[in-house]
Structures are given as structure tokens and as C-alpha cells.
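Undergrad: I am attaching a structure below and will ask some questions about it afterwards.
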Amino acid sequence: MGLLRYTVYRFLQAIPVLIGITIITFLLANLAPGDPVRLMLAGQEVDEELIETIEQRYGLDRPLYERYVTYMAGLIQGDFGHSIHRNRPVTDLMLNRVGPTLLLVLSAYAFALVTAIPLGILAATRRNEPTDHVSRIVALIGVSTPSFWIGIMLILVFAVQLGWLPSTGLVYPWRGPDGYDWIETWPELIYQTIRHLLLPMVALGTLQMATLMRVERTQMIESLQGEYVKLARAYGVPERTILRKHAFQVAQLPIITIVGLNLSTALGGAVLIETVFNINGMGRLFIEAIQQLDYQLIMGITIVIATMFVIGVIITDIAYAYVDPRVTYGEGE
Amino acid sequence: MDDSGPGDDIEVRRGWRHTVRTVKEDTTARWGLYIVAVVLLISAYTIIDSNLSRLTLGAMADFTFAEALPIFEHPERIPGPGEGEGHLPPAFHADGSMAHPLGTDPDGRDYFTRIVYGAQVSVSVGIVSTLIGFVGGTLVGAVAGFYGGKVDDVLMRIIETVYAIPPLILIIIFTVFITGGNPDIIYAVVGVGITFIPVFARIIRSEVLSIREMDYIEAARASGVKNREIILRHVIPNSFAPVLVYATLQIGVTILIVAGLSFLGYGAQPPTPDWGQMLNVSHGYMHANVWLSIWPGIAILITIMGFNLFGDGLQDALDPRLND
Amino acid sequence: MSEPLLRVENLKTQFFTEAGTVRAVDGISFTVEAGEIVGLVGESGAGKSVASMSLLRLVENPGEIVAGEITYKGETIFAVEEGPDGELRERDDVLSDEEIRRRIRGNEIAVIFQDPMESLNPVFTVGGQLREFIELNRDLSNDEAREEAIEMLREVGIPDPEQRYDEYPHQFSGGMRQRVLIAMALACEPSLIIADEPTTALDVTVEGQIIELVRDLQEKYGTSFIWVTHDMGVVAEICDRVNVMYLGEIVEQAPVDDLFYHTKHPYTKALLNSMPRPDRTVGELEPIEGMMPEAISPPAGCRFHPRCPDAREVCQRVHPDARTVAQAGDYPHRAACVVHDAFDVGYDESVPLEGEPQLTAGTPSSDDADSVDAPEVREDGGEDRE
């Protein structure tokens, strides 16, 4: 099977999972005790007739499976339903919230990879030396610290105490300089984006960095003990080439998998980091929706975030198949 | 070097003894154990203390453990809003006093006491929800791995699906929908536990899959031992060790997630002293009182680090490849 | 006699572990002449692999070559001398690490490892790996190296080499991979190839083919070999001269025919007797009693005496070095056993040790077919002591 066919195959394979996600989300939202309309109107003077009218209008009086089929029919066309609370289509509400979250998560990953891989290799080559111990301690603290607290500490130091970097909001490069009154040129826009992105990126990326660094160290140690490294040494390959090519290539394979699987943690972390830094992404929209008990919106966001994760895993799977010649493109499955 | 004899109960027992020995010798694992022990003791003490005072407040209102060990004033005794001076800085600060080593919160409550009492919530929440995930995951994973075929397919599809939704989001939805918008820590604990069932199930399943093929299981099967008995007597005990290591590390992750939940307001509710919830409150005073945001985070960091160190040590002990 | 291709004098390699110093190689001396195949035989743990890796100065931590002299084509790979303050230091004429890497490893001395499954890097094509090593060790351009690689693949009997050049190791069978490793070694045009148990991981039929291949190619290229093995059968098939190792020492050294027909050391005898032969049934095999002790605490006196059927009281006291006990053509026949006249320590008068030879571990009975393998158990113990 070629790589292209494998890609198609992998996407087809994900369809049951995606359907499963909609079922679980739908069931969670609709089997919960309490009536969405009543909960939404909690505290207000309840008019039974009004409730019935609303329920009829949004089809809430029909049986569960019928509602699910209707929901899915809309979903296929990209329609996530209507937010009763905000009286707007859910798709519209989510559309300009996806960008900030993607920007945040991807930059956090970039930060994590750029720091974790060199540090992990350094630790592996200086095993049991001070460098190794320091990097292990850093990694340990990294996996043990809540990301939102790192965010708070970064704000305290760099925004409150030193005043170097902004503590809230994010400047979106895709809006262009025209989208902001206070920004005039493109370079300025990019500069502002980076300034605003720096703290949340580090806050969200630290956990990923620590995890990847540990994996990188372990994998490099293992790879450096491989017979193929012994062979390369015996044939006079310089130590630097062994490190960069022979040992490195093999050690990166598990990293690819981990990057995909950790996307789940990163997307969950985005909820916290967006809250701490007041970034208007999917995470904050989710918290707003939860606070307003906006069922349609909660369902939409959950499905979109889970889909992001599934797509991320597929992309890393394909990358893995591309790098590792031993993968038989799923024929064995 | 790993002894690879016939995989039998003797093997498992030798493995355990080896594990205990390695943990004793390994400095990181030992430190992890110390930290975990201290945090457990503190939370045990606070649980006893707060329950004891509840029991005795009527008849023996004047005597509690808190008085025997005066640093642990229990929360009921702490001045309520307006009674004490709020926003007191920690003792090492010029304006601080030893009466409140870590200062006071906006309501004038002693921050040190609240931090100490916070251990109770984090640790019990971490352990209980990990246990729920552990037990549930072990059963699901063992069944899926052992029976294989359709059962395995269906269970794995469900697990894969649940896995796709980030735990934090799934738990928030679960607690909020179940409680109809009035979140409570108990639902958070159950939610976290259920969410982690797939994680444990995956690991158990892969362990079971490798054990299932071993000769002694084949032999047990061939000699007519019932499936249920094989799962309970052979498969689960043998796949136990790696999962236990994972559970230790998972306690850290759980505490991390529950802290996040409480920070967002969907875990412990005030006035319960919980680290995540305290950070939620202090977030609003970031400019007024820096210290309030620092201590709960450090408490979380140390606790999770303890479990992680201990788990790492256990893992090294069970995987001799990396620590020779 | 002119200077041999490789001369090893009193080589000692030790591993400094927490449990103590492991004397993996403890004062061995041997030579390799141009164009001959020299065997290095012994049970696992005898120090064969460590000895052969020492020749390339590729001993892994915490191991270290501590004494002796290795000369190759007149150049010094390793030597120590006594400094002014009596401390040992490396001699000035010893090749630097950089020189060893550039000039010796690969292009002068190449290796073939035991496990063809693990020796090739799984993420690079077979051809790419071959070409890299050729480029590095011979002054060839990219294209020339590629051509050479394909030529070598054909030479070692890989069908359709142009196509297989671009395939990955997992697409090759074990025997084919070992052929690739042989091609790799020969393609660098070295004068000496160290073959470290190259056929141990293979099927018997494949083993035969590989040995045949090496014999043909050796004749064609005139390359010398050091053939590390535990298998006396392979030794008989391929080696010109043999060194038998036991616990870090060479206990017998002789041309192959003399070793087999005029065996001078009880350990070699025991090795030969434990080898299955077509003219004997399994029941007649005599496994070597006991297990080889650990090199961390070798027995006093002769290291083989606890397992030796001919051990006498004197063997517990005297530690024999390998001495010439007979002449075999151009070469001396050396053995490290006090039974020979070259050792005048009173063996004949000494009292035989009481009862059965002492067993250090396990009690294999001599009619148990399984224990034929006794000398081969734990087949990696010797190399993994790191």
C-alpha cells in the first residue's frame, strides 16, 4: 500500500471513532438530569407555555434517536445546530475561535520540540553527569507543575514585576494590520503576535517539553546502545555523525507517536491557559458555554476538539509511516 | 541482567522482591517515597483532626489535636471574613509575623493552615479517582485482552472514542451535566475516575495480550481451567506490576487535573481548602497579593513530584534496561 | 620470522564495576599472519569478544585496556610504558583516537558482528549503509561507492543487487543480512576482518553457506580473519590456527590440526569431547562439568582446576602461563597446563584432588542430552559485562 492509500485508509478508519464521539457527546448532553431549557431559564419566572414553545421550535420534544439523526444530518453539512442561549448558529460561534487555539497549541508544540530534543540528546550523551541530572530535574518539575500555575507565575514575573510582556489577549496575524487600530505594519503585527504568544506558549508547552525530553533521553540512550551504533563505530564513523544520523533517526520514532497522543493533554491544557491569559479560543468558549449551560455549543466544541485530536493522531501516524520503513501501512491490522 | 526463566508465580515474586530492593537502593525512588509519606501523613492527620473536632465540638469543645500540635489550627477556628487581618504577607516579609507563617488570605484566614488542609483534598481525590480508573480499567482491559475477537473490538472502539476527548473537557461536561450546573468535588472524583478507565484498560489489555500467549496460560487452558479463573488467578496478577507503576504515576496526573478543575471552578467548592480552588481565588488578587498565588502551586508541585519520583523509581526497578 | 600482520602481547582489558574489577581479558598474546584465519575459541564469558573489540580500542564503559601491546602493520594500536614516577602511561607512538578511527577502523580492520538482525540500522536502506561505510573508508565518490556497494552485494551472493540496494534491512532474511555485513567488511578492503560469532544466530544450513562464502572470498582477497566462536566444529572447518580462551586467558594455542590431534590442554580436550560428532552417539558426549566461574573472582592456581578431571593439589597453587610444549611446523604449540614438562612444579608427585571435580554451579549428569550445550549456555555473558 502506498503512502497516499495509507492516508485515505487511516482517515476512513477514523470515521467510526468520529461517529462514536458524536454519540457520546450527544448522550452526555441529553441524558443528563434536568431539562436544558429549564436550566437555562433557571431563576427566571417560568412560563410553561414558553418552555413548550422553545422545545418545539428546537425539536427538543421529539424522541432522542430522531434528534440525533437530525443533528448528524446537520453535522455532515457543517451545521452544528443553533445556540439557544446566544441565538446564533454554533458553527459561526466556533469559527473565529479555532484559530487562536490552533496557534497556541502549535506554538506550544514548536517550543516543546525545539527545547526537548536537543536537551534530551544532551542528557543521553552525558548520562549520569551533572548535565543529565539537571535536565532530569527540569523534566521532573515540568511534568509535576500545573500548566495554569506556570502561566500565573510567568505573568507575575514577566508582566506584573518586570513589565516586559503582556499578560492578556492575543494578537492574531491572520487579521492583518488593518484589523487593529494600534498596529500599522506587518512586521509590527508579527512582533506583537510573538510578544503576546510567548508566555502562554511556554506555559502550555512546558509539560510537553518535559515529557518529550524524558522520552528523547531514554530513546537516545537505548539507540546509542544499539548494535548498529556499535557497527558504525567499528567502521570509523565519527561520533558526531553517529549521534546526528545513526542513533538520532531511530530514536525519533517514539517521539512522533507521543506528540500525537499528547495532543489530548495539550488541547485540555488550552482550556486552562486560555482562561489564565484571556485568549478568545475554543477553550474559553467552552468555559463560557459551560457556565451558560449552552448545550448545543458545548456539543459542538467537544466534537470539534475531539476531531482535532483524531486528525492530529492520524497526521502523526502518517509521519511515522513515512519515517519508519518497517511500517507495513496497516496491512497487518 | 534480567532472569528469563519460565514465566511463573516464582518469577512474579522474585520480581517483587527485586523491585522492593531497587526502590530501597534508588535515591530518587526513596525521596519520592519520603515526600509521598509526608503528604499522606499530613492529609491523614487533617482528616482525623477535622473529624475529631466535629465529634467533640459539643462535649469536649476545648480539646482537639490542633491544640496538641498548635501549628495545625483547624479551619473552623480560623477567623472568618472580617475577623482577622487579610492579605498579611508571609513571615519572612518585613510586615509578616510568625503567627501566620505564610500570611493570610483576603478573608484573613491563616494561609499555612489552609495549605496544609489542602493536602487532604488533593491526595484523597488523586488516590480515589485513580483507584476507580484502576479497578474499572483492569476489568475492562482484562476482559478485552483475554477474550479478544468481537468483545475486544467493541470495547476498544469505545475506549478509543472516549480517549479522543481531552480528559479535562470530558470531566467538566460530566460533572456539570450530572449536577445540572452545580458542580461538586465528589462528581469530579467520579468523573476523573471514569475518564481514566480507558487509559488503564489499554495498558492492562496489552499486558494481557502478551501474557495470554505464554506457555503456562496455554497449559492452564489446555488442562481445562475456566476462563474466569485464568483471568483472576494468572492474567491479572502477572500484569499487575506494570499497571501499578502506571497507577502511581497516574495519581500525579490526576492531582494535576483535579487542580485544573478546581481552578476553573468545577472541582472543590469554597470554603473547602483546596489548592486548585485557592489558586482560583488568588488569581483575582494577582496584583494585590503575589504570595497567595505562589504557595498552593508549590504545594501541588511537591506533592505531584513525590508521586512521580516514586513512580519513576518503581519503573526503573521493573525495567532494568535503563538503570544499569 | 618476519613481523606478523597483527601482534598482541600480554593484553589486559578490565571492567571496573561496582561489584569489583572484572578481568575480562587477562594477559593474552597471539599473532595473526597475513592471509590466515585465526580462531578465538571459548565458552561465553571467556573474554573472546572483549579481546577482539580491544583490538579496535572499542571497549565500552566501564571497560578499559589496562596493559599490553597491540601492533598492527608496524603501527602501535595500544602500548603502555612506565613513566618517570613508576606510573603506567600510554606510549608516545600509540595512534591517537582520531587516527584509529580514520585509518584503522573499517579500512584496515573491519568487523562482522554476531547478530545480523540488529547490526543494520532499521531506518536506512541496506545500500545506503553500505555506501556510507565504503565512502568513509575508501576515497571513492558517491557514485563510485554506490557501484562498489552493488558489486559487493553481487559478490556475496545477493541476487538482483541493483534492486535490493534500495531495500531496507527488514526486507532481508537473517542469512542475507549476514551476507550484507560480510559485503560491508570486504568492501572497505581491510587487511584484517574480525568475525565475532558471525554464524551463531543463523540456521545450520545458512551457517554452512556463509562459511563456504567466507572461505571462497578469503582465498580471493587474501584477507586475514580473526574468527571468534564457541563452536569447535566451525573452527575445524575454517581456521588455520586456534587460540583457546578460558576465563580471560589463552590456555592453548596451536595450528588447527595439532590442536585437534595432539591436544595439550584438558580444557581443549573437554571442549572437543563435548562436541557432537558423526562417529559418536549423543550418549558418548562428555559435557564439561560445572559452569565457568565469574571473571570477577577467578579461582586461585590454574583457573580451570575446579572443573578439570586431571586436577591435582599443585593445580590449586600454581597459576600456569601458556608455554611452548611442542613444535608444530613453523609455530610453537603452547599450553597452560602444569602436566607438561615445561612446567617443573611437581605435578607427577602431587596428590590428585579428592573425588569428583568440584562443581561451581549446576549438576549436569553426563548422560543428560541437554547438558551437551553446557559450554554454550548464557551465550552473551562474555560481551555484556558492561
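Naming works like this for the C-alpha cells: A, B, ... for the chains as they're shown, residue 1 at the start of each chain, ligands 1 onward in shown order.
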Compile the residues of chain A that lie within 8 Å of chain B, evaluated using only C-alpha atoms, and express the compilation as a PyMOL selection string.
TA: chain A and resi 16-18+20-21+24+28-29+32-34+39+140-141+144-146+148-149+152-153+156+160+218+221-222+264-265+267-269+272+290-291+293+302+305-307+309-310
Undergrad: Filtering to N, CA and C atoms, could you give me those residues as a short mmCIF file (atom, residue, chain, number, x, y, z; two decimals), in the first residue's frame?
TA:
data_model
loop_
_atom_site.label_atom_id
_atom_site.label_comp_id
_atom_site.auth_asym_id
_atom_site.auth_seq_id
_atom_site.Cartn_x
_atom_site.Cartn_y
_atom_site.Cartn_z
N PRO A 16 -15.50 5.62 12.34
CA PRO A 16 -16.26 5.10 13.49
C PRO A 16 -15.96 5.87 14.77
N VAL A 17 -14.69 6.24 14.97
CA VAL A 17 -14.34 6.98 16.18
C VAL A 17 -15.05 8.33 16.20
N LEU A 18 -15.06 8.99 15.05
CA LEU A 18 -15.72 10.29 14.97
C LEU A 18 -17.22 10.16 15.25
N GLY A 20 -18.55 7.78 17.01
CA GLY A 20 -18.62 7.47 18.44
C GLY A 20 -18.55 8.73 19.28
N ILE A 21 -17.70 9.66 18.87
CA ILE A 21 -17.57 10.92 19.63
C ILE A 21 -18.90 11.67 19.63
N ILE A 24 -21.32 9.82 22.05
CA ILE A 24 -21.02 10.04 23.46
C ILE A 24 -21.40 11.45 23.88
N LEU A 28 -24.28 12.36 26.57
CA LEU A 28 -23.94 13.10 27.79
C LEU A 28 -24.83 14.33 27.92
N ALA A 29 -25.03 15.01 26.80
CA ALA A 29 -25.77 16.26 26.86
C ALA A 29 -27.27 16.03 27.04
N ALA A 32 -28.55 13.82 30.62
CA ALA A 32 -28.32 14.42 31.92
C ALA A 32 -29.64 14.79 32.57
N PRO A 33 -29.66 14.66 33.91
CA PRO A 33 -30.89 15.06 34.60
C PRO A 33 -31.13 16.55 34.38
N GLY A 34 -32.34 16.91 34.37
CA GLY A 34 -32.65 18.33 34.18
C GLY A 34 -32.89 18.63 32.72
N LEU A 39 -33.12 24.64 32.75
CA LEU A 39 -31.85 25.03 33.39
C LEU A 39 -31.40 26.39 32.91
N LEU A 140 11.45 16.67 35.53
CA LEU A 140 10.60 16.22 36.63
C LEU A 140 9.69 17.36 37.10
N ILE A 141 10.28 18.54 37.27
CA ILE A 141 9.47 19.70 37.68
C ILE A 141 8.44 20.01 36.59
N SER A 144 5.48 17.86 36.80
CA SER A 144 4.78 17.90 38.08
C SER A 144 4.09 19.24 38.34
N THR A 145 4.23 20.20 37.44
CA THR A 145 3.67 21.52 37.71
C THR A 145 2.43 21.76 36.86
N PRO A 146 1.35 22.23 37.47
CA PRO A 146 0.16 22.53 36.67
C PRO A 146 0.47 23.66 35.68
N PHE A 148 -1.42 25.84 34.35
CA PHE A 148 -2.05 27.14 34.62
C PHE A 148 -1.27 27.89 35.70
N TRP A 149 -0.64 27.15 36.62
CA TRP A 149 0.16 27.82 37.64
C TRP A 149 1.45 28.37 37.03
N ILE A 152 0.44 31.54 35.63
CA ILE A 152 0.29 32.58 36.66
C ILE A 152 1.66 33.10 37.08
N MET A 153 2.60 32.16 37.29
CA MET A 153 3.95 32.58 37.71
C MET A 153 4.62 33.43 36.63
N LEU A 156 3.19 36.80 36.80
CA LEU A 156 3.72 37.51 37.97
C LEU A 156 5.10 38.08 37.69
N VAL A 160 3.74 41.36 35.65
CA VAL A 160 3.50 42.21 36.82
C VAL A 160 4.80 42.82 37.34
N THR A 218 15.58 8.74 27.05
CA THR A 218 15.50 7.29 27.11
C THR A 218 15.76 6.65 25.75
N ILE A 221 19.41 6.96 24.67
CA ILE A 221 20.27 6.03 25.41
C ILE A 221 20.14 4.64 24.81
N GLU A 222 18.89 4.25 24.57
CA GLU A 222 18.65 2.92 24.01
C GLU A 222 19.26 2.80 22.62
N SER A 264 -4.02 15.44 23.21
CA SER A 264 -5.18 15.45 24.07
C SER A 264 -4.92 16.31 25.31
N THR A 265 -3.76 16.10 25.94
CA THR A 265 -3.39 16.90 27.10
C THR A 265 -3.27 18.37 26.72
N LEU A 267 -4.70 20.03 24.25
CA LEU A 267 -5.99 20.67 23.98
C LEU A 267 -6.75 20.93 25.27
N GLY A 268 -6.65 19.98 26.22
CA GLY A 268 -7.26 20.19 27.53
C GLY A 268 -6.58 21.36 28.24
N GLY A 269 -5.25 21.39 28.14
CA GLY A 269 -4.49 22.47 28.78
C GLY A 269 -4.84 23.82 28.19
N LEU A 272 -7.33 25.76 30.14
CA LEU A 272 -6.80 26.46 31.31
C LEU A 272 -5.99 27.69 30.91
N ILE A 290 -20.18 26.30 29.09
CA ILE A 290 -20.48 25.51 30.28
C ILE A 290 -21.19 26.38 31.32
N GLN A 291 -20.68 27.59 31.50
CA GLN A 291 -21.28 28.46 32.50
C GLN A 291 -22.72 28.80 32.13
N LEU A 293 -24.60 26.87 30.35
CA LEU A 293 -25.27 25.60 30.05
C LEU A 293 -25.83 25.60 28.63
N THR A 302 -16.99 20.25 21.88
CA THR A 302 -16.42 18.95 22.22
C THR A 302 -16.12 18.14 20.96
N ILE A 305 -13.06 19.69 19.15
CA ILE A 305 -11.78 19.44 19.82
C ILE A 305 -11.38 17.98 19.68
N ALA A 306 -12.34 17.06 19.86
CA ALA A 306 -12.02 15.64 19.72
C ALA A 306 -11.57 15.34 18.29
N THR A 307 -12.22 15.99 17.32
CA THR A 307 -11.83 15.78 15.92
C THR A 307 -10.41 16.29 15.66
N PHE A 309 -8.05 16.28 17.78
CA PHE A 309 -7.17 15.25 18.34
C PHE A 309 -7.04 14.08 17.36
N VAL A 310 -8.18 13.61 16.85
CA VAL A 310 -8.16 12.45 15.94
C VAL A 310 -7.31 12.77 14.71
#
Undergrad: Which neighbours of A:Trp174 fall inside 12 Å, counting only C-alpha atoms, when residues of the same chain fewer than 4 positions from it are skipped, and could you give them as a ChimeraX atom specification?
TA: /A:96,99-100,103,170,178-180,186,189-190,193
Undergrad: Return as JSON, numbers by chain the full set of residues in stretch 61-227 of chain B whose backbone-based DSSP assignment is alpha helix (DSSP H).
TA: {"B": [65, 66, 67, 68, 111, 112, 113, 114, 115, 116, 117, 118, 119, 120, 121, 122, 123, 124, 125, 126, 127, 128, 129, 130, 131, 132, 133, 134, 135, 136, 137, 138, 139, 140, 141, 142, 143, 144, 145, 146, 147, 149, 150, 151, 152, 153, 154, 155, 156, 157, 158, 159, 160, 161, 162, 163, 164, 167, 168, 169, 170, 171, 172, 173, 174, 175, 176, 177, 178, 179, 185, 186, 187, 188, 189, 190, 191, 192, 193, 194, 195, 196, 197, 198, 199, 200, 201, 202, 203, 204, 205, 206, 207, 208, 209, 210, 211, 212, 215, 216, 217, 218, 219, 220, 221, 222, 227]}
Undergrad: Which polymer residues have any atom within 9 Å of an atom of stretch 132-139 of chain B, counting only C-alpha atoms, with same-chain residues fewer than 3 positions away left out, as number ranges by chain?
TA: B: 127-129, 142-144, 189-190, 192-205, 236, 240, 243-244, 247
Undergrad: Counting only C-alpha atoms, which residues of chain A come no farther than 8 Å from chain C, as a PyMOL selection string?
TA: chain A and resi 226-238+246+249-250+323-326
Undergrad: For the strand (DSSP E or B) assignment from backbone DSSP, which residues of stretch 47-255 of chain C qualify? Please present them as a tab-separated table (two decimals) with C-alpha atoms, in the first residue's frame.
TA:
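Output file selection-v4.tsv is given in full below:
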chain	number	residue	atom	x	y	z
C	63	GLY	CA	35.87	-1.28	30.45
C	64	GLU	CA	39.40	-0.24	29.75
C	65	ILE	CA	42.52	-1.73	28.22
C	66	VAL	CA	44.96	-1.59	31.09
C	67	ALA	CA	48.10	-3.33	29.85
C	68	GLY	CA	49.83	-4.97	26.93
C	69	GLU	CA	50.83	-4.06	23.44
C	70	ILE	CA	48.95	-4.30	20.16
C	71	THR	CA	50.88	-3.74	16.95
C	72	TYR	CA	49.31	-3.78	13.54
C	75	GLU	CA	51.91	0.71	13.97
C	76	THR	CA	51.07	0.74	17.62
C	77	ILE	CA	47.37	0.46	18.39
C	78	PHE	CA	47.99	0.23	22.08
C	79	ALA	CA	51.01	0.17	24.35
C	80	VAL	CA	51.92	1.34	27.80
C	81	GLU	CA	55.23	2.22	29.31
C	82	GLU	CA	56.41	3.06	32.75
C	88	LEU	CA	51.91	3.47	33.68
C	89	ARG	CA	51.15	5.74	30.79
C	90	GLU	CA	50.38	5.41	27.10
C	94	VAL	CA	50.38	4.96	20.12
C	105	ARG	CA	38.61	1.08	11.92
C	109	ILE	CA	40.41	-3.79	10.40
C	110	ALA	CA	36.73	-4.42	9.74
C	111	VAL	CA	34.24	-6.38	11.83
C	112	ILE	CA	31.28	-8.66	11.30
C	192	LEU	CA	42.03	-7.99	8.70
C	193	ILE	CA	38.43	-8.85	9.46
C	194	ILE	CA	37.23	-9.67	12.95
C	195	ALA	CA	34.28	-12.03	12.67
C	196	ASP	CA	32.56	-12.11	16.06
C	224	SER	CA	43.18	-12.26	7.28
C	225	PHE	CA	40.44	-13.18	9.73
C	226	ILE	CA	40.10	-13.44	13.46
C	227	TRP	CA	37.21	-15.83	13.84
C	228	VAL	CA	35.56	-15.63	17.26
C	229	THR	CA	33.40	-18.63	18.06
C	241	ARG	CA	45.46	-21.58	13.79
C	242	VAL	CA	43.49	-21.55	17.00
C	243	ASN	CA	43.63	-19.82	20.39
C	244	VAL	CA	41.53	-21.43	23.08
C	245	MET	CA	40.41	-18.98	25.75
C	246	TYR	CA	39.27	-19.72	29.25
C	249	GLU	CA	43.40	-16.32	29.33
C	250	ILE	CA	44.64	-18.24	26.32
C	251	VAL	CA	45.09	-21.78	27.60
C	252	GLU	CA	46.15	-23.42	24.35
C	253	GLN	CA	47.48	-22.09	21.09
C	254	ALA	CA	48.29	-24.25	18.07
C	255	PRO	CA	47.68	-24.79	14.35
Undergrad: Atom CA of C:Pro159 and atom CA of C:Phe172 are how many Å apart?
TA: 11.5 Å
Undergrad: Could you check which of A:Val98, A:Val259, A:Trp182, A:Thr7 is closest to A:Val313, using only C-alpha atoms?
TA: A:Val259
Undergrad: Find the spatial neighbours of B:Phe146, counting only C-alpha atoms, within a cut-off of 8 Å - ignore same-chain residues fewer than 6 positions away - and output them as an MDAnalysis selection string.
TA: chainID B and resid 205 208:209 212 231
Undergrad: Write out as a VMD selection string which residues come within 10 Å of A:Gly205 when counting only C-alpha atoms, dropping same-chain ones fewer than 3 positions away.
TA: chain A and resid 104 to 113 115 142 147 199 to 202 208 to 211 266 269
Undergrad: Deliver the residues from the most recent selection as a file, using C-alpha atoms, as a tab-separated table (two decimals), in the first residue's frame.
TA:
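Dumped to out.tsv:
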chain	number	residue	atom	x	y	z
A	104	LEU	CA	-1.48	28.43	20.83
A	105	VAL	CA	-1.24	24.63	20.68
A	106	LEU	CA	1.03	24.53	17.64
A	107	SER	CA	3.41	27.14	19.03
A	108	ALA	CA	3.49	25.27	22.36
A	109	TYR	CA	4.48	22.14	20.45
A	110	ALA	CA	7.12	24.02	18.48
A	111	PHE	CA	8.55	25.34	21.74
A	112	ALA	CA	8.46	21.86	23.29
A	113	LEU	CA	10.16	20.13	20.36
A	115	THR	CA	13.87	22.61	23.50
A	142	GLY	CA	7.97	20.17	34.23
A	147	SER	CA	0.36	24.47	33.41
A	199	LEU	CA	4.04	33.47	27.88
A	200	PRO	CA	1.03	31.27	27.08
A	201	MET	CA	3.20	29.24	24.72
A	202	VAL	CA	5.75	28.48	27.44
A	208	GLN	CA	5.04	18.72	26.59
A	209	MET	CA	8.68	19.72	26.73
A	210	ALA	CA	9.27	17.78	29.92
A	211	THR	CA	7.50	14.68	28.63
A	266	ALA	CA	-2.42	20.00	25.15
A	269	GLY	CA	-4.49	22.47	28.78
